[in-house]
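*Asks:* Okay, handing you the structure first.
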Amino acid sequence: MQTFFIMRPSQFSENEATQFSFAVVKMLWPYLLEFKVRIGFAFICLILTKVASVYLPFILKDVVDLLDTQQEQRIYLVPFGLVAAYGLVRLSVVLFAEIRDTLFGRVTERAIRRIGLKVFRHLHQLDLDFHLGRQTGGLSRDIDRGNSGISFLMRFMVFNIVPTLLEIVMVITILLVNYGIWFALITALSIASYVAYSVYATEWRTGYIRAANKADSSSNTRAIDSLLNYETVKYFTNEEYEARAYDKQLADWEKAKTQNRLSLFALNGGQAFIISLSMTAMLALAAYQVTHEKMTLGDFVLINAFMMQLFIPLNFLGFVYREIKGSLANIEHMFGLLLKTPKVQDREAAQDLNLTQGDIQFDRINFAYDPKRPIIQGVSFSIKAGQKVAVVGESGSGKSTLVKLLFRFYDVDSGNISIDGQSIKEITQDSLRSHIGIVPQDTVLFNDSLFENIQYGNPEASEEEVLKAIELAHLAEFVKSLPDGHQTVVGERGLKLSGGEKQRVAIARTILKDPEILVFDEATSSLDSHSEQAILKAIKEVAENRTNLVIAHRLSTIVDADHIIVMHRGKIIEQGSHQDLLSSQGHYCRMWQLQQSQ
């Protein structure tokens with residue numbers, strides 16, 4: 001059997017990680033293009049913000065030079081015009097930035113919505129094998145962090161990295177033209193050193209970020225699994241055991257976060273050292289020029305303002321780069337989900353099922369979850385339209401696997417399953433499943449009202465149709481006994497209802513769906529005799545004039561079947577009517593006698 005997995009971050013080589021980063025950007029690009037006009041206005045605001053930001057030090061220089069000149073001339077008139085201009089330009093920087101973020105916010109939110117929906121739909125397209133092996137808590141946390149990572153990438157990569165680089169180019173050019181090569185050279189070397197160190201240190205600490213995320217997902221998975229199995233924990237008085245297991249996961253998370261914090265300290269400390277050294281060198285050179293009257297005091301202030309103004313966004317650029325790397329680490333698992341393809345897929349030329357009668361044919365079916373352990377071996381039988389065919393056998397004989405193959409949750413290894421002569425491999429999965437209804441052994445309900453759970457069989461059904469289904473499933477008396485009637489919330493997975501009540505909800509759902517083919521997968525195996533009789537009565541009414549496949553454990557529930565198939569270790573060993581099988585004194589007869597004696 002082919003095994004599906006989500007690629008863990010540690011599995012990416014450096015080259016693969018780079019390719020992955022470009023793949024993420026490529027994935028996000030269409031969502032940016034959706035709002036071209038909005039992004040265009042946002043970029044105009046971005047340019048205006050940076051122009052105003054670079055112009056601020058020049059106003060400050062003029063104010064200082066004017067004040068210095070007036071001091072020498074003992075004139076105490078403060079240049080209020082320049083001060084007011086400084087305040088106005090600084091205000092415009094903030095306003096343009098806010099307008100830019102507001103305009104782009106819609107783009108970010110729409111992208112998260114679209115990608116979140118894409119992941120949700122893709123998860124429902126993945127095969128049953130994936131969902132049987134998934135860990136809900138960790139998967140949920142991976143998706144949450146992935147959405148947060150996308151939000152960060154959309155906002156900061158577009159409107160912080162590019163403008164910061166633009167500002168760096170503008171400042172270096174101004175310093176080179178106005179103050180000479182040494183000022184420009186020191187600035188360029190400082191920035192190059194800062195960027196190189198930030199990239200190196202960030203790559204080093206990304207491993208700690210991934211380790212912390214993995215520990216966070218593991219602890220969340222453990223907590224959710226424990227809470228979902230609350231009753232089992234209580235039955236075995238294992239509260240303390242669960243707490244210790246959860247604390248062990250939290251200890252791993254704590255260790256990973258500590259390493260992450262220490263690596264962040266090393267990164268921030270190195271960046272601060274480079275900034276301090278650069279600022280000292282620039283101001284020392286500027287002070288030397290002022291003392292030799294090659295520069296004014298205003299020029300000194302301008303260079304100081306430029307350096308502070310440059311290193312603030314540069315420091316932020318380091319933060320953005322760290323966060324982008326962290327965001328990429330965060331969305332690796334979610335992106336891995338989108339790269340995953342289901343094993344069961346519709347063929348390109350697949351057509352909708354054209355159901356005329358409802359005849360089902362299993363033709364020499366072979367199937368195994370694991371090649372080393374065959375489950376179904378050479379099984380062939382047919383179900384004519386309107387017939388009730390039952391499949392019986394011990395646990396593990398392959399009965400319920402036939403249902404999964406009929407629904408095409410798995411594809412057969414060899415052989416063919418057809419409906420009205422159409423191979424289910426040649427028709428779309430949606431059309432196949434739309435014609436089949438099932439009452440499963442374990443009915444799982446949503447944590448919603450009883451009404452909503454029944455309406456799930458046909459979300460377009462009216463209230464009258466739902467109430468009619470409740471009547472036909474013999475649920476009306478039960479509904480009347482509830483304090484809130486059919487608006488009563490059933491609890492997570494339907495835990496507030498008994499087994500018989502949940503089975504009747506499943507029958508009501510199937511009635512509402514109104515399929516031509518019905519499957520009953522051990523629908524009464526866990527019920528008491530009284531509940532079983534009520535369910536059997538409802539099933540008999542629902543199954544009339546439909547094609548029925550019944551997977552049964554209790555033989556007493558299928559004595560009226562048109563045909564009974566007896567399976568043992570994945571093979572059909574007997575078949576016939578109830579009386580014929582009893583008369584043959586074979587395996588079925590022994591099963592019957594054993595159940596009757598019990």
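In the structure tokens, chains take the letters A, B, ... in the order shown, each chain's residues start at 1, and ligands count up from 1 in the order shown.
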Tell me, as a PyMOL selection string, which residues lie within 8 Å of stretch 409-426 of chain A, counting only C-alpha atoms; anything in the same chain fewer than 4 positions away does not count.

*Replies:* chain A and resi 127-128+343-344+346-347+349-351+353-368+378+404-405+432

*Asks:* Keeping only C-alpha atoms, take the residues you just selected and write them out as a PDB file, in the first residue's frame.

*Replies:*
ATOM      1  CA  ASP A 127      -8.654   9.712   0.492  1.00  0.00           C
ATOM      2  CA  LEU A 128      -9.860   7.818   3.542  1.00  0.00           C
ATOM      3  CA  LYS A 343      -4.954   7.940  -4.426  1.00  0.00           C
ATOM      4  CA  VAL A 344      -8.555   7.727  -5.613  1.00  0.00           C
ATOM      5  CA  ASP A 346     -11.770  10.716 -11.122  1.00  0.00           C
ATOM      6  CA  ARG A 347     -10.480   9.895 -14.575  1.00  0.00           C
ATOM      7  CA  ALA A 349     -13.194  11.218 -19.188  1.00  0.00           C
ATOM      8  CA  ALA A 350     -15.305  10.250 -16.141  1.00  0.00           C
ATOM      9  CA  GLN A 351     -19.061  10.599 -16.669  1.00  0.00           C
ATOM     10  CA  LEU A 353     -23.565   7.696 -13.170  1.00  0.00           C
ATOM     11  CA  ASN A 354     -26.630   6.956 -15.328  1.00  0.00           C
ATOM     12  CA  LEU A 355     -28.647   4.912 -12.868  1.00  0.00           C
ATOM     13  CA  THR A 356     -31.616   3.144 -14.451  1.00  0.00           C
ATOM     14  CA  GLN A 357     -32.287   0.048 -12.319  1.00  0.00           C
ATOM     15  CA  GLY A 358     -29.754  -0.084  -9.506  1.00  0.00           C
ATOM     16  CA  ASP A 359     -28.137  -3.442 -10.300  1.00  0.00           C
ATOM     17  CA  ILE A 360     -24.741  -3.877  -8.558  1.00  0.00           C
ATOM     18  CA  GLN A 361     -22.073  -6.313  -9.724  1.00  0.00           C
ATOM     19  CA  PHE A 362     -18.914  -7.321  -7.814  1.00  0.00           C
ATOM     20  CA  ASP A 363     -16.711  -9.166 -10.314  1.00  0.00           C
ATOM     21  CA  ARG A 364     -13.642 -11.075  -9.057  1.00  0.00           C
ATOM     22  CA  ILE A 365     -12.662  -8.401  -6.551  1.00  0.00           C
ATOM     23  CA  ASN A 366      -9.214  -8.490  -4.937  1.00  0.00           C
ATOM     24  CA  PHE A 367      -8.064  -5.869  -2.442  1.00  0.00           C
ATOM     25  CA  ALA A 368      -5.514  -5.397   0.346  1.00  0.00           C
ATOM     26  CA  GLY A 378     -11.728 -13.202  -5.668  1.00  0.00           C
ATOM     27  CA  LYS A 404     -15.657   1.131   1.338  1.00  0.00           C
ATOM     28  CA  LEU A 405     -14.915  -0.293  -2.106  1.00  0.00           C
ATOM     29  CA  LEU A 432     -21.611   7.590  -7.481  1.00  0.00           C
TER      30      LEU A 432
END

*Asks:* Can you pull out the residues contacting A:Cys45? Cut-off 12 Å, using only C-alpha atoms, and skip same-chain residues under 5 positions away; I want them as a list in words.

*Replies:*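 Answer for this query is Arg38, Ile39, Gly40, Lys50, Val51, Ala52, Ser92, Val93, Val94, Leu95, Phe96, Ala97, Glu98, Ile99, Arg100, Asp101, Thr102, Leu103, Phe104, Phe159 and Pro163 of chain A.
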
*Asks:* What lies within 12 Å of A:Ala243 using only C-alpha atoms, ignoring chain neighbours under 4 positions off, as a ChimeraX atom specification?

*Replies:* /A:219,222-223,226-227,233,237-239,247-251

*Asks:* Output as an MDAnalysis selection string all residues of stretch 401-508 of chain A that backbone DSSP marks as alpha helix (DSSP H).

*Replies:* chainID A and resid 401:406 429:434 450:455 463:472 476:481 499:508

*Asks:* Could you give me, as a list of chain:residue names, the residues within 10 Å of A:Leu285, counting only C-alpha atoms and dropping anything in the same chain fewer than 6 positions from it?

*Replies:*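 Near A:Leu285, the qualifying residues are A:Trp182, A:Phe183, A:Ile186, A:Met279, A:Phe300.
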
*Asks:* Residues of the last selection are to be written out with N, CA, C and O atoms, as a tab-separated table (two decimals), in the first residue's frame.

*Replies:*
chain	number	residue	atom	x	y	z
A	182	TRP	N	33.26	58.30	1.30
A	182	TRP	CA	33.47	57.60	2.56
A	182	TRP	C	32.16	57.39	3.32
A	182	TRP	O	31.93	56.32	3.90
A	183	PHE	N	31.31	58.39	3.30
A	183	PHE	CA	30.02	58.23	3.97
A	183	PHE	C	29.18	57.15	3.28
A	183	PHE	O	28.55	56.30	3.94
A	186	ILE	N	30.90	53.61	4.00
A	186	ILE	CA	30.62	53.10	5.36
A	186	ILE	C	29.18	52.59	5.45
A	186	ILE	O	28.90	51.52	6.01
A	279	MET	N	27.11	53.36	13.34
A	279	MET	CA	26.71	54.69	13.78
A	279	MET	C	27.90	55.46	14.33
A	279	MET	O	28.09	56.66	14.04
A	300	PHE	N	25.71	67.51	10.15
A	300	PHE	CA	25.95	66.49	11.17
A	300	PHE	C	24.62	65.88	11.63
A	300	PHE	O	24.47	64.66	11.75

*Asks:* Near A:Ala543, counting only C-alpha atoms, which residues have an atom at most 10 Å away, once you skip same-chain residues fewer than 3 positions from it, shown as a ChimeraX atom specification?

*Replies:* /A:386-388,511,516-520,538-540,546-549

*Asks:* Can you tell me, as a PyMOL selection string, what residues are no more than 10 Å from A:Leu581 when counting only C-alpha atoms, ignoring any on the same chain fewer than 5 positions away?

*Replies:* chain A and resi 564-566+574-576+586-589+592

*Asks:* Have a look at atom CA of A:Ser218 and atom CA of A:Met334 and let me know their distance in Å, one decimal.

*Replies:*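 Rounded to one decimal, the two atoms are 15.6 Å apart.
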
*Asks:* I need the residue nearest A:Asn304 from this list: A:Leu60, A:Ile115, A:Ala188, A:Leu153. Use only C-alpha atoms for the distance.

*Replies:*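 Nearest to A:Asn304: A:Leu60.
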
*Asks:* Restricting the calculation to only C-alpha atoms: of A:Ala272, A:Val479, A:Ile558, A:Val54, which residue gets closest to A:Met170?

*Replies:*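 Of A:Ala272, A:Val479, A:Ile558, A:Val54, the one nearest A:Met170 is A:Val54, counting only C-alpha atoms.
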
*Asks:* Quick check, in Å to one decimal: how far apart do atom CA of A:Lys502 and atom CA of A:Ala390 lie?

*Replies:*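 We find that atom CA of A:Lys502 and atom CA of A:Ala390 lie 22.3 Å from each other.
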
*Asks:* Which residue is closest to A:Gly396? Choose from A:Ala84, A:Met567, A:Ile274, A:Val64 and count only C-alpha atoms.

*Replies:*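 Of the candidates, the smallest distance to A:Gly396 is held by A:Met567.
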
*Asks:* Would you please extract all strand (DSSP E) residues from stretch 274-402 of chain A, as assigned by DSSP on the backbone, and give them as a PyMOL selection string?

*Replies:* chain A and resi 360-367+376-383+388-393

*Asks:* How would the residues just picked look written out with N, CA and C atoms as an mmCIF file, in the first residue's frame?

*Replies:*
data_model
loop_
_atom_site.group_PDB
_atom_site.id
_atom_site.type_symbol
_atom_site.label_atom_id
_atom_site.label_comp_id
_atom_site.auth_asym_id
_atom_site.auth_seq_id
_atom_site.Cartn_x
_atom_site.Cartn_y
_atom_site.Cartn_z
ATOM 1 N N ILE A 360 -26.148 -3.990 -8.990
ATOM 2 C CA ILE A 360 -24.741 -3.877 -8.558
ATOM 3 C C ILE A 360 -24.037 -5.192 -8.835
ATOM 4 N N GLN A 361 -22.837 -5.117 -9.397
ATOM 5 C CA GLN A 361 -22.073 -6.313 -9.724
ATOM 6 C C GLN A 361 -20.662 -6.204 -9.153
ATOM 7 N N PHE A 362 -20.295 -7.166 -8.281
ATOM 8 C CA PHE A 362 -18.914 -7.321 -7.814
ATOM 9 C C PHE A 362 -18.305 -8.459 -8.616
ATOM 10 N N ASP A 363 -17.267 -8.183 -9.393
ATOM 11 C CA ASP A 363 -16.711 -9.166 -10.314
ATOM 12 C C ASP A 363 -15.245 -9.446 -9.995
ATOM 13 N N ARG A 364 -15.004 -10.588 -9.373
ATOM 14 C CA ARG A 364 -13.642 -11.075 -9.057
ATOM 15 C C ARG A 364 -12.787 -10.001 -8.372
ATOM 16 N N ILE A 365 -13.310 -9.491 -7.277
ATOM 17 C CA ILE A 365 -12.662 -8.401 -6.551
ATOM 18 C C ILE A 365 -11.508 -8.924 -5.693
ATOM 19 N N ASN A 366 -10.360 -8.248 -5.820
ATOM 20 C CA ASN A 366 -9.214 -8.490 -4.937
ATOM 21 C C ASN A 366 -8.757 -7.154 -4.372
ATOM 22 N N PHE A 367 -8.481 -7.130 -3.064
ATOM 23 C CA PHE A 367 -8.064 -5.869 -2.442
ATOM 24 C C PHE A 367 -7.287 -6.159 -1.163
ATOM 25 N N ILE A 376 -9.683 -8.892 0.625
ATOM 26 C CA ILE A 376 -10.709 -9.443 -0.255
ATOM 27 C C ILE A 376 -10.033 -10.271 -1.340
ATOM 28 N N GLN A 377 -10.507 -11.511 -1.529
ATOM 29 C CA GLN A 377 -9.845 -12.405 -2.472
ATOM 30 C C GLN A 377 -10.878 -13.046 -3.404
ATOM 31 N N GLY A 378 -10.894 -12.575 -4.645
ATOM 32 C CA GLY A 378 -11.728 -13.202 -5.668
ATOM 33 C C GLY A 378 -13.217 -13.202 -5.374
ATOM 34 N N VAL A 379 -13.747 -12.121 -4.840
ATOM 35 C CA VAL A 379 -15.159 -12.056 -4.464
ATOM 36 C C VAL A 379 -16.006 -11.622 -5.658
ATOM 37 N N SER A 380 -17.041 -12.408 -5.949
ATOM 38 C CA SER A 380 -17.976 -12.082 -7.032
ATOM 39 C C SER A 380 -19.403 -12.337 -6.554
ATOM 40 N N PHE A 381 -20.269 -11.359 -6.722
ATOM 41 C CA PHE A 381 -21.698 -11.535 -6.477
ATOM 42 C C PHE A 381 -22.428 -10.340 -7.076
ATOM 43 N N SER A 382 -23.729 -10.475 -7.207
ATOM 44 C CA SER A 382 -24.518 -9.397 -7.787
ATOM 45 C C SER A 382 -25.740 -9.123 -6.919
ATOM 46 N N ILE A 383 -26.230 -7.899 -7.031
ATOM 47 C CA ILE A 383 -27.444 -7.487 -6.329
ATOM 48 C C ILE A 383 -28.374 -6.898 -7.376
ATOM 49 N N LYS A 388 -32.604 -7.461 -1.566
ATOM 50 C CA LYS A 388 -31.888 -7.275 -0.304
ATOM 51 C C LYS A 388 -30.866 -8.398 -0.194
ATOM 52 N N VAL A 389 -29.616 -8.043 -0.323
ATOM 53 C CA VAL A 389 -28.522 -9.013 -0.233
ATOM 54 C C VAL A 389 -27.729 -8.725 1.030
ATOM 55 N N ALA A 390 -27.527 -9.767 1.832
ATOM 56 C CA ALA A 390 -26.803 -9.617 3.092
ATOM 57 C C ALA A 390 -25.444 -10.289 2.997
ATOM 58 N N VAL A 391 -24.449 -9.687 3.631
ATOM 59 C CA VAL A 391 -23.105 -10.263 3.722
ATOM 60 C C VAL A 391 -22.808 -10.482 5.196
ATOM 61 N N VAL A 392 -22.471 -11.716 5.564
ATOM 62 C CA VAL A 392 -22.206 -12.050 6.965
ATOM 63 C C VAL A 392 -20.845 -12.726 7.071
ATOM 64 N N GLY A 393 -20.353 -12.813 8.293
ATOM 65 C CA GLY A 393 -19.059 -13.431 8.554
ATOM 66 C C GLY A 393 -18.465 -12.898 9.832
#
